Every structure is written in structure tokens, then in C-alpha cells.
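Chemist: Let me give you the structure first, and then I'll get to my questions.
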Amino acid sequence: MTSARPVWRRLLLGAVLGTMAPLCTLCTFRHFAIADLSGRNYPWHHNIVATTFWVGEVVDPAKSDGSQVFSTYDPDWLANYGGCDGFVERGVCRSERRDASNGFFPKTMTPRQNPFYLDLPFDDVNNAAAFSMRATVVPWANDPGYAGRSADRSISFMKNRWVELRKDGAACFGQIQDAGPAIYDDAAYVFGGDDRRPRNIRFNGAGLDVSPALNGCLAFARLDGAEDYVDWRFVEDVDVPDGPWKRLVTTQPLVPW
């Protein structure tokens, strides 16, 4: 889900793609045992409700955060991703169940960016409160590439960062590409070390949205529900193991509105 953005910005969904072959039909997937971290060690957030969203989804076109045609970090997310992360049926972008046969990639389209994506409720660019505190709450704010740039709205401290997610013995990884759900400045939950609950009370109190690829990788009970729980934590690039999530890593930086 996306936070508030200029009201003049409205994009229309159309028949943006045809049927395309999956990237890989013979790929297999393993649940990885995670070794000791070689980068910064981040705290776990346990038993958090995770809902599912996808590029091109339109929940409520009348709301600024009701569409995944764009993300808070990319006003042209749909185009830059490569189209609907699923399939278009009667002009509506719909999702699909993903499986390990092709590494949980889309079945009928070829993405240009990593299909293992998610959001967290901290929009460090377009939410005034989050932007004002990012220099003090984001753990990597003083790392190379971020240090001294807290007032620079041309850079996001969140976009493309890696997150590890676990559920019922499965460990999967994804990159942050949006903010939400519903709340956009929940620093205490996102960065806190005390296993704080999300402030959000909508969608069964969800603390993050995950992509269909992560939904399949983690074997969610439902494709579009609010009854699946995960554990998650930030991880550094060097701590992300090989897996389908590294086949196509998103490197595109923030796209200004």
C-alpha cells in the first residue's frame, strides 16, 4: 500500500501485457538454513500479520493509498516492474498462486524487477513525520550512501533494503518497494528492538504486505487474506543467501514524484 501522494496523480490500468512464458520452468527451491550473520544483526519481529499485495492491484482508486499501480517510491511502478504482477482479466490486474516450479516467479509475465518485494509502515520520503525522524531511527542512516543525506528527498533510506521472513520453518527474503499497510510513520514497530506490535488496526492489525512470490515461498494459507503470521527482520545485502529472490535484484533508486 502507498502513502499519501499528490492528488493530481492518477494512473489508469489497461491491458498492459499479453501472455509471456515464465522465466524458468525447471527451477527448484530450497528452504535455507541461515548461518551466522556477517553484517549488522537486526532484531526479530515475531508473529506479525502479513497481507498480500501486488504490482498493478487496485483496491480503491479513490484513495491515495488504494492502488499498487504506483508505490510511494516509484510513481511509475507498474511500468518499471514490467506490468501487472499476475494477469489482466477484463481490465483488472489479478494475482495468482506461485510455486517452486519456476522459483515463485509470475506465471504469465516477465518482471523487470525482483518479484520478492514487500512494504513496511515507514515512508521515509513522502510522510513528513517519518522523513523528519529517519536520520535518528533508521539503523543504517550513518552508513556510506546514507550519511549526511537525511534532508535529501531524492534518496530513500528504505527502498531496496532486504528483509528476511520466516514462517513454519520456511525462510525467504524480499526487498522493500513500498510503504504500508495503512500507517506510514510507525518507527517504534519497524525499528524497535522490543518486539513492539504494529500501530495499524486495519486488516487484522497487519504489519506488512508481501508480494505473491513471498506469499508462495512462505506457503501462506490464502492468496489474499489476513490470517497468515510471519517473523521478520532486516538483513544486510551480504547476509542474503542465494535463492530465487536473488535471480533479479531491484537496484532502481527512488523515482521522484
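Starting from 1 in every chain, residues are counted up; chains themselves are A, B, ... following the order of the C-alpha cells, and ligands are numbered from 1 as listed.
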Find the residues around Pro75 of chain A up to 7 Å (only C-alpha atoms counted), leave out those fewer than 4 positions away in its own chain, and share them as a PDB file with N, CA and C atoms, in the first residue's frame.
Modeler:
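Resulting contents of around24.pdb:
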```pdb
ATOM      1  N   PHE A  70       1.155   2.459  -8.603  1.00  0.00           N
ATOM      2  CA  PHE A  70       2.350   3.203  -8.211  1.00  0.00           C
ATOM      3  C   PHE A  70       2.712   2.835  -6.776  1.00  0.00           C
ATOM      4  N   SER A  71       3.929   3.104  -6.390  1.00  0.00           N
ATOM      5  CA  SER A  71       4.340   2.951  -4.997  1.00  0.00           C
ATOM      6  C   SER A  71       4.810   4.305  -4.496  1.00  0.00           C
ATOM      7  N   VAL A 255      12.296   6.972  -7.405  1.00  0.00           N
ATOM      8  CA  VAL A 255      11.846   7.739  -8.567  1.00  0.00           C
ATOM      9  C   VAL A 255      11.005   8.897  -8.043  1.00  0.00           C
ATOM     10  N   TRP A 257       8.398  11.917  -7.404  1.00  0.00           N
ATOM     11  CA  TRP A 257       7.054  12.235  -7.878  1.00  0.00           C
ATOM     12  C   TRP A 257       7.079  13.575  -8.580  1.00  0.00           C
TER      13      TRP A 257
END
```
Chemist: Counting only C-alpha atoms, what is within 10 Å of Trp77 of chain A, bar same-chain residues fewer than 3 positions away, as number ranges by chain?
Modeler: A: 55-56, 68-74, 80-84, 113, 177-178, 255
Chemist: Any chance you could list, as a PyMOL selection string, the residues in segment 67-220 of chain A that come up strand (DSSP E) when DSSP is run on the backbone?
Modeler: chain A and resi 87-89+92-94+117-120+162-167+170-179+208-210
Chemist: Work out how far apart atom CA of Asn41 of chain A and atom CA of Val240 of chain A are and give it in Å to one decimal.
Modeler: 12.5 Å
Chemist: Just want the 12 Å neighbourhood of Trp140 of chain A, counted on only C-alpha atoms, with same-chain residues fewer than 2 positions away dropped. Output as a list of chain:residue names.
Modeler: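 Here the qualifying residues turn out to be A:Gly39, A:Arg40, A:Asn41, A:Tyr42, A:Arg134, A:Ala135, A:Thr136, A:Val137, A:Val138, A:Asn142, A:Asp143, A:Pro144, A:Gly145, A:Tyr146, A:Ala147, A:Gly148, A:Arg149, A:Ser150, A:Ser156, A:Phe157, A:Met158, A:Arg161, A:Phe191, A:Phe234, A:Val235, A:Glu236.
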